[in-house]
>>> print(open('final.cif').read())   # mmCIF, C-alpha atoms
data_my_file
loop_
_atom_site.label_atom_id
_atom_site.label_comp_id
_atom_site.auth_asym_id
_atom_site.auth_seq_id
_atom_site.Cartn_x
_atom_site.Cartn_y
_atom_site.Cartn_z
CA MET M 76 -12.17 -16.44 18.55
CA ALA M 77 -9.89 -14.53 16.17
CA ALA M 78 -11.40 -12.00 13.83
CA ASP M 79 -11.96 -13.06 10.24
CA HIS M 80 -11.65 -10.91 7.13
CA SER M 81 -12.00 -11.16 3.41
CA ILE M 82 -9.04 -9.75 1.48
CA TRP M 83 -8.93 -8.55 -2.11
CA VAL M 84 -5.97 -7.00 -3.91
CA LEU M 85 -6.96 -4.51 -6.59
CA GLY M 86 -4.81 -3.34 -9.46
CA TYR M 87 -5.50 0.21 -10.59
CA ALA M 88 -2.66 0.97 -13.05
CA ARG M 89 0.62 -0.38 -14.43
CA THR M 90 4.10 0.84 -15.25
CA LYS M 91 7.53 -0.60 -16.09
CA VAL M 92 10.70 -0.40 -14.02
CA SER M 93 14.14 -1.98 -14.04
CA GLY M 94 14.74 -5.25 -12.24
CA ASP M 95 17.17 -3.83 -9.70
CA PHE M 96 14.67 -1.13 -8.72
CA MET M 97 12.41 -3.86 -7.38
CA GLY M 98 14.60 -6.90 -6.77
CA GLY M 99 17.70 -5.14 -5.48
CA SER M 100 21.21 -4.37 -6.67
CA PRO M 101 23.30 -6.13 -7.84
CA ILE M 102 21.26 -9.33 -7.55
CA ALA M 103 18.64 -8.10 -10.04
CA SER M 104 20.81 -5.69 -12.03
CA ASN M 105 20.85 -6.02 -15.82
CA THR M 106 17.78 -8.25 -15.79
CA GLY M 107 15.69 -5.94 -17.96
CA MET M 108 12.44 -4.07 -17.50
CA PHE M 109 9.45 -5.51 -15.67
CA GLU M 110 5.80 -4.59 -15.72
CA ILE M 111 4.55 -3.89 -12.21
CA PRO M 112 1.05 -3.27 -10.91
CA MET M 113 -0.06 -0.33 -8.83
CA LEU M 114 -2.17 -1.78 -6.03
CA TYR M 115 -4.37 -1.25 -3.08
CA THR M 116 -6.05 -3.76 -0.81
CA LEU M 117 -9.62 -3.99 0.46
CA VAL M 118 -10.20 -5.81 3.75
CA VAL M 119 -13.76 -6.55 4.89
CA SER M 120 -14.86 -8.18 8.13
CA ALA M 121 -16.95 -11.36 7.96
CA PRO M 122 -20.67 -10.93 7.25
CA GLY M 123 -21.43 -12.29 10.73
CA ALA M 124 -19.11 -9.89 12.55
CA ARG M 125 -20.58 -7.71 15.28
CA GLU M 126 -19.53 -4.66 13.27
CA ARG M 127 -19.04 -4.91 9.52
CA ARG M 128 -15.86 -3.01 8.60
CA VAL M 129 -14.67 -2.01 5.14
CA ILE M 130 -10.99 -1.03 5.19
CA ALA M 131 -8.85 0.25 2.33
CA ILE M 132 -5.11 -0.18 2.68
CA ASP M 133 -3.63 2.59 0.53
CA THR M 134 -5.60 4.67 -1.95
CA GLY M 135 -3.52 4.98 -5.13
CA PHE M 136 -2.48 8.18 -6.82
CA GLY M 137 -4.93 11.01 -7.37
CA GLU M 138 -5.83 12.79 -10.56
CA SER M 139 -3.24 15.52 -9.89
CA GLY M 140 -0.50 13.08 -10.81
CA PHE M 141 2.29 10.99 -9.40
CA ALA M 142 5.17 13.40 -8.71
CA SER M 143 4.32 17.03 -8.06
CA ALA M 144 6.04 18.88 -10.89
CA GLU M 145 6.82 15.97 -13.15
CA ASP M 146 4.60 13.57 -15.05
CA LYS M 147 0.97 14.40 -14.20
CA LEU M 148 0.29 10.81 -15.25
CA SER M 149 1.45 11.60 -18.80
CA GLY M 150 2.85 8.37 -20.19
CA MET M 151 4.46 6.97 -17.05
CA PHE M 152 1.43 4.81 -16.20
CA THR M 153 -1.03 2.85 -18.28
CA ASP M 154 -4.44 1.25 -17.69
CA ILE M 155 -5.41 3.78 -15.02
CA GLU M 156 -8.71 3.15 -13.22
CA TRP M 157 -10.16 5.26 -10.41
CA PRO M 158 -11.51 3.97 -7.07
CA SER M 159 -15.21 3.82 -7.97
CA VAL M 160 -14.42 1.56 -10.92
CA VAL M 161 -11.86 -0.56 -9.07
CA LEU M 162 -13.93 -1.20 -5.95
CA GLY M 163 -16.99 -1.77 -8.09
CA LYS M 164 -15.36 -4.91 -9.48
CA ILE M 165 -15.96 -6.62 -6.13
CA GLY M 166 -19.25 -4.93 -5.31
CA PHE M 167 -18.16 -2.02 -3.11
CA ARG M 168 -18.22 1.75 -3.35
CA PRO M 169 -15.63 4.21 -1.97
CA GLU M 170 -18.38 5.72 0.21
CA GLU M 171 -18.69 2.40 2.05
CA VAL M 172 -15.06 2.44 3.20
CA ASP M 173 -14.98 3.38 6.89
CA THR M 174 -11.20 3.17 7.40
CA VAL M 175 -8.20 4.03 5.24
CA ILE M 176 -4.72 2.89 6.28
CA LEU M 177 -1.85 4.53 4.43
CA THR M 178 1.26 2.38 4.49
CA HIS M 179 3.30 5.46 3.57
CA MET M 180 2.87 8.80 1.81
CA HIS M 181 4.44 8.21 -1.58
CA ALA M 182 2.14 9.50 -4.29
CA ASP M 183 1.07 6.10 -5.63
CA HIS M 184 -0.17 5.04 -2.18
CA ALA M 185 -1.59 8.20 -0.61
CA GLY M 186 -2.97 10.33 -3.42
CA ASN M 187 -6.67 9.56 -3.30
CA VAL M 188 -7.79 10.15 0.29
CA VAL M 189 -10.52 12.49 -0.98
CA ALA M 190 -12.08 9.58 -2.91
CA PHE M 191 -13.05 7.94 0.41
CA PRO M 192 -15.09 10.73 2.01
CA LYS M 193 -16.46 8.82 5.02
CA ALA M 194 -13.27 7.05 6.06
CA LYS M 195 -11.11 7.64 9.09
CA VAL M 196 -7.49 7.77 7.98
CA TYR M 197 -4.49 6.26 9.76
CA VAL M 198 -0.83 6.99 9.03
CA GLN M 199 2.25 6.90 11.21
CA ARG M 200 3.16 10.25 12.77
CA GLU M 201 6.82 9.61 11.94
CA GLU M 202 5.90 9.33 8.26
CA TYR M 203 3.82 12.48 8.08
CA GLU M 204 6.20 14.59 10.13
CA GLY M 205 9.26 13.36 8.20
CA TRP M 206 7.88 14.54 4.87
CA THR M 207 6.59 17.74 6.49
CA ARG M 208 10.12 18.54 7.69
CA LEU M 209 11.41 17.96 4.17
CA ARG M 210 8.78 20.26 2.71
CA ARG M 211 9.75 23.00 5.15
CA GLY M 212 13.40 22.68 4.16
CA GLU M 213 14.42 21.41 7.59
CA LEU M 214 16.19 18.26 6.29
CA ILE M 215 17.88 19.42 3.09
CA LYS M 216 17.68 22.60 1.05
CA THR M 217 18.08 21.05 -2.39
CA ALA M 218 14.82 19.09 -2.72
CA GLY M 219 13.67 20.59 -5.99
CA PRO M 220 11.58 19.10 -8.82
CA GLY M 221 13.19 15.98 -10.24
CA SER M 222 15.36 15.40 -7.18
CA TRP M 223 15.77 12.04 -5.50
CA ALA M 224 14.09 13.46 -2.38
CA LEU M 225 10.88 14.26 -4.28
CA SER M 226 10.99 11.37 -6.73
CA SER M 227 7.82 9.80 -5.30
CA ILE M 228 6.15 12.79 -3.67
CA ASN M 229 3.28 15.01 -4.78
CA TRP M 230 2.76 17.95 -2.43
CA GLU M 231 -0.83 18.38 -3.62
CA ASN M 232 -1.55 15.09 -1.85
CA PHE M 233 -0.24 16.63 1.37
CA ASP M 234 -2.50 19.65 0.92
CA ARG M 235 -5.52 17.33 0.67
CA PHE M 236 -4.20 15.32 3.63
CA ASP M 237 -3.86 18.47 5.74
CA GLU M 238 -7.47 19.29 4.89
CA ALA M 239 -8.45 15.84 6.16
CA ILE M 240 -6.50 16.53 9.37
CA ALA M 241 -8.33 19.83 9.82
CA ALA M 242 -11.64 18.00 9.32
CA GLY M 243 -10.76 15.59 12.13
CA ARG M 244 -10.55 12.55 9.86
CA VAL M 245 -6.88 11.65 10.47
CA THR M 246 -5.20 9.78 13.31
CA LEU M 247 -1.41 9.97 13.46
CA LEU M 248 -0.15 6.73 14.99
CA ASP M 249 2.82 6.44 17.31
CA GLY M 250 3.91 2.89 16.65
CA ASP M 251 2.00 -0.39 16.54
CA ARG M 252 -1.75 -0.18 17.05
CA GLU M 253 -4.86 -2.24 16.46
CA VAL M 254 -7.15 0.12 14.53
CA ALA M 255 -10.04 -2.33 14.12
CA PRO M 256 -10.68 -5.81 15.52
CA GLY M 257 -7.97 -8.03 14.07
CA ILE M 258 -6.36 -5.22 12.03
CA THR M 259 -3.00 -4.08 13.42
CA CYS M 260 -0.72 -1.42 11.97
CA ARG M 261 2.98 -2.22 12.45
CA LEU M 262 5.48 0.63 12.37
CA ALA M 263 8.51 0.09 10.14
CA SER M 264 10.53 3.11 11.21
CA GLN M 265 13.17 4.44 8.82
CA SER M 266 12.72 1.55 6.39
CA HIS M 267 11.15 2.19 2.98
CA THR M 268 10.45 5.77 4.11
CA PHE M 269 10.53 7.81 7.32
CA GLY M 270 7.72 5.93 9.01
CA SER M 271 6.27 3.28 6.73
CA GLN M 272 3.87 0.77 8.21
CA TRP M 273 2.56 -2.66 7.26
CA VAL M 274 -0.72 -4.21 8.27
CA GLU M 275 -1.29 -7.55 9.98
CA ILE M 276 -4.74 -8.98 9.22
CA GLU M 277 -6.36 -11.79 11.22
CA THR M 278 -8.25 -14.45 9.26
CA SER M 279 -9.61 -17.90 10.01
CA SER M 280 -6.71 -19.41 8.03
CA GLY M 281 -4.04 -17.49 9.90
CA PRO M 282 -2.48 -14.02 9.68
CA HIS M 283 -2.08 -12.19 6.39
CA ILE M 284 0.12 -9.16 5.77
CA ALA M 285 -0.44 -6.11 3.57
CA ALA M 286 3.19 -5.07 3.24
CA GLY M 287 2.93 -1.79 1.38
CA ASP M 288 6.34 -1.02 -0.07
CA CYS M 289 8.20 -2.60 2.82
CA VAL M 290 8.15 -5.52 0.35
CA TYR M 291 8.02 -4.80 -3.38
CA TRP M 292 8.23 -8.36 -4.71
CA TYR M 293 7.88 -11.79 -3.13
CA ALA M 294 11.51 -12.22 -4.24
CA ASN M 295 12.59 -9.67 -1.63
CA LEU M 296 11.37 -12.04 1.10
CA GLU M 297 12.39 -15.23 -0.66
CA LYS M 298 15.97 -14.02 -1.11
CA MET M 299 16.04 -11.71 1.93
CA TRP M 300 17.25 -8.91 -0.35
CA PRO M 301 15.98 -5.32 -0.11
CA PRO M 302 14.86 -3.41 -3.20
CA GLY M 303 17.14 -0.98 -5.00
CA TYR M 304 14.89 2.04 -4.41
CA ILE M 305 14.16 2.97 -0.83
CA GLN M 306 14.20 6.30 1.01
CA GLY M 307 15.11 4.88 4.39
CA ASN M 308 17.56 2.32 5.78
CA PRO M 309 18.02 -1.13 4.14
CA TRP M 310 19.08 -2.71 7.45
CA ASN M 311 15.72 -1.74 8.92
CA VAL M 312 14.02 -3.19 5.84
CA MET M 313 15.80 -6.48 6.54
CA GLN M 314 14.49 -6.46 10.11
CA VAL M 315 10.98 -6.00 8.74
CA PHE M 316 11.51 -9.00 6.45
CA GLU M 317 12.49 -11.10 9.45
CA LYS M 318 9.41 -10.01 11.42
CA MET M 319 7.10 -10.82 8.53
CA SER M 320 8.73 -14.18 7.91
CA GLY M 321 8.26 -15.03 11.57
CA ILE M 322 4.52 -14.44 11.16
CA ILE M 323 3.75 -16.14 7.85
CA GLY M 324 6.58 -18.70 7.60
CA ASP M 325 6.66 -20.24 4.14
CA LYS M 326 3.10 -19.15 3.29
CA LEU M 327 4.17 -16.29 1.05
CA PRO M 328 0.81 -15.90 -0.73
CA ARG M 329 -0.45 -14.53 2.59
CA VAL M 330 1.71 -11.45 1.96
CA VAL M 331 0.54 -8.65 -0.31
CA PRO M 332 3.69 -7.10 -1.83
CA GLY M 333 3.58 -3.49 -2.92
CA HIS M 334 4.07 -4.04 -6.66
CA ASP M 335 4.23 -7.66 -7.74
CA MET M 336 2.27 -9.19 -10.63
CA GLU M 337 2.91 -12.52 -8.89
CA VAL M 338 0.15 -11.71 -6.39
CA PHE M 339 -2.29 -12.41 -9.21
CA LYS M 340 -0.59 -15.70 -10.10
CA ARG M 341 -0.31 -17.09 -6.56
CA ASN M 342 -3.91 -16.41 -5.61
CA VAL M 343 -7.38 -16.75 -7.11
CA ASN M 344 -7.56 -14.00 -9.71
CA TRP M 345 -9.52 -12.56 -12.61
CA THR M 346 -9.52 -9.45 -14.76
CA VAL M 347 -12.39 -7.03 -15.19
CA GLY M 348 -11.78 -3.90 -17.20
CA LEU M 349 -8.13 -2.92 -17.46
CA ASN M 350 -6.63 -4.48 -14.34
CA PRO M 351 -6.70 -7.73 -12.37
CA VAL M 352 -8.18 -8.62 -8.99
CA ALA M 353 -6.79 -11.19 -6.53
CA GLU M 354 -8.94 -12.86 -3.89
CA LEU M 355 -6.59 -13.87 -1.07
CA HIS M 356 -9.06 -14.99 1.56
CA LEU M 357 -12.81 -15.20 2.03
CA ALA M 358 -14.19 -14.85 5.54
CA ALA M 359 -16.83 -17.28 6.73
CA GLY M 360 -20.10 -16.52 4.97
CA GLU M 361 -18.50 -14.29 2.31
CA LYS M 362 -19.21 -15.11 -1.32
CA SER M 363 -16.50 -15.04 -3.93
CA ARG M 364 -16.58 -12.00 -6.19
CA ARG M 365 -15.03 -13.97 -9.04
CA PRO M 366 -17.28 -13.74 -12.11
CA LYS M 367 -18.89 -17.03 -13.06
#
>>> encode(input="final.cif", output="C-alpha cells")
Amino acid sequence: MAADHSIWVLGYARTKVSGDFMGGSPIASNTGMFEIPMLYTLVVSAPGARERRVIAIDTGFGESGFASAEDKLSGMFTDIEWPSVVLGKIGFRPEEVDTVILTHMHADHAGNVVAFPKAKVYVQREEYEGWTRLRRGELIKTAGPGSWALSSINWENFDRFDEAIAAGRVTLLDGDREVAPGITCRLASQSHTFGSQWVEIETSSGPHIAAGDCVYWYANLEKMWPPGYIQGNPWNVMQVFEKMSGIIGDKLPRVVPGHDMEVFKRNVNWTVGLNPVAELHLAAGEKSRRPK
C-alpha cells in the first residue's frame, strides 16, 4: 500500500512583485504588481504509519534578512511570522520536525535551518556546490552586493548551513532519492538554480508535488511558460513542467507552487494571525486543523 501523508501549506510573509517576474515575459509583462506569499510546506505521515514523520519542505528566511547586504527585512516584506508561530497554527512545533528538505538555497527558502534543531537536512549537492563556487569567485568575479548573482542569496545562511554540515545534520543528494517512505526528492538540474529540487509526495488520493520555485504560479504550468526570474536554464524549467504534468495531469491543486496566493483559493484554507494556511490533503485518521 502506498504511503499516506497530510499536507499543509503555510504562509509566513508577503511581498509584491511585477507580473512578468512570476508569470514570464512578455506574456505577463505590463500586468501590474501582484501580492505573493512566502511559503513553506509541512508534510506529516498518517497517524497509523509505522513511523510518524514530520517533514518541512523549505524553512523561510532567517532573522538576518533576505539578501546579505541589502534589505535585512526592512520594508521588502510584510506580515512576517517565525516558524514557532507558523507551525503552531496546525499544532506542531519546530522541534518536532525530523526532516527538512530545501528545494534550493535562495534566502527565502533556506534561511531558517537553525529553527529546526532536531531535523536532518537534505539539499542537492549540485545546488550547494554551485553557490559555494560562486562565493569563492570561481564562476564570476563581479558578484558584489546588489548584483543579479546575489539577488536572492544571503551568505549568513550558508554559514549556518556549513555549521549544520559540520554537525552531521546535512545530506547532500546526488539526484533523485526517496528520503522517507513516500517522499521523493527530484533533481531539477540547472533550472531555477544550479540544483533545485522538487518533492513528490505519496497520498491516498494520488501524488502531490511541492514544487519549490521550479513553479512560481499555477499559471506557469497552465500556460507552460517559465517565470521571468530564474538563475538557471528556462529550457530545463520547461522539462520540469512536463514531468510534473505527467504526474498530476489536470489536478493542479495537487501542486504547491513556490509563491502563489491561488494555493489558498484552490484548497481548504483559513487565516490565523497574519498569514493563511492551506490544507491540501489529510491522511487517513488525521483531523483537520481548520478552526471550527
>>> axis_aligned_box(input="final.cif", around="stretch 126-129 of chain M", padding_each_side="3 Å", output="JSON")
{"center_x": -17.1, "center_y": -3.5, "center_z": 9.2, "size_x": 10.9, "size_y": 8.9, "size_z": 14.1}
>>> resolve_selection(input="final.cif", expression="the PyMOL selection byres ((chain M and resi 297-304) around 6)", output="MDAnalysis selection string")
chainID M and resid 95:100 294:296 305
>>> atom_distance(input="final.cif", atom1="atom CA of M:Tyr87", atom2="atom CA of M:Ser159")
10.7 Å
>>> resolve_selection(input="final.cif", expression="the PyMOL selection byres ((chain M and resi 342) around 12)", output="list in words")
Ile82, Trp83, Val84, Lys326, Leu327, Pro328, Arg329, Val330, Val331, Met336, Glu337, Val338, Phe339, Lys340, Arg341, Val343, Asn344, Trp345, Pro351, Val352, Ala353, Glu354, Leu355, His356, Leu357 and Arg365 of chain M
>>> atom_distance(input="final.cif", atom1="atom CA of M:Leu117", atom2="atom CA of M:Ala131")
4.7 Å
>>> resolve_selection(input="final.cif", expression="the PyMOL selection byres ((chain M and resi 109) around 9)", output="list in words")
Thr90, Lys91, Val92, Ser93, Gly94, Met97, Thr106, Gly107, Met108, Glu110 and Ile111 of chain M
>>> atom_distance(input="final.cif", atom1="atom CA of M:Phe316", atom2="atom CA of M:Ala103")
18.0 Å
>>> residues_near_point(input="final.cif", point="(3.3, 17.0, 12.5)", cutoff="12 Å", atoms="all atoms listed in the file", output="JSON, numbers by chain")
{"M": [198, 199, 200, 201, 202, 203, 204, 205, 206, 207, 208, 209, 210, 211, 233, 236, 237, 240, 245, 246, 247, 248, 249]}
>>> residues_around(input="final.cif", residues="M:Asp234", least_positions_apart="5", cutoff="12 Å", atoms="only C-alpha atoms", output="PyMOL selection string")
chain M and resi 139+143+185-189+203+207+210+228-229+239-241
>>> residues_around(input="final.cif", residues="M:Thr134", least_positions_apart="3", cutoff="12 Å", atoms="only C-alpha atoms", output="PyMOL selection string")
chain M and resi 84-87+113-117+130-131+137-138+156-159+161-162+169+172+174-192+194+196-197+232+287
>>> closest_residue(input="final.cif", among="M:Ile284, M:Ala121, M:Cys260, M:Val312", to="M:Gly360", atoms="all atoms listed in the file")
M:Ala121
>>> closest_residue(input="final.cif", among="M:Phe141, M:Leu225, M:Arg89, M:Lys164", to="M:Ser363", atoms="only C-alpha atoms")
M:Lys164
>>> residues_near_point(input="final.cif", point="(8.8, 5.5, 8.9)", cutoff="6 Å", atoms="all atoms listed in the file", output="list in words")
Glu201, Glu202, Ala263, Ser264, Gln265, Thr268, Phe269, Gly270 and Ser271 of chain M
>>> closest_residue(input="final.cif", among="M:Pro282, M:Trp230, M:Ser81, M:Arg364", to="M:Gly163", atoms="all atoms listed in the file")
M:Arg364
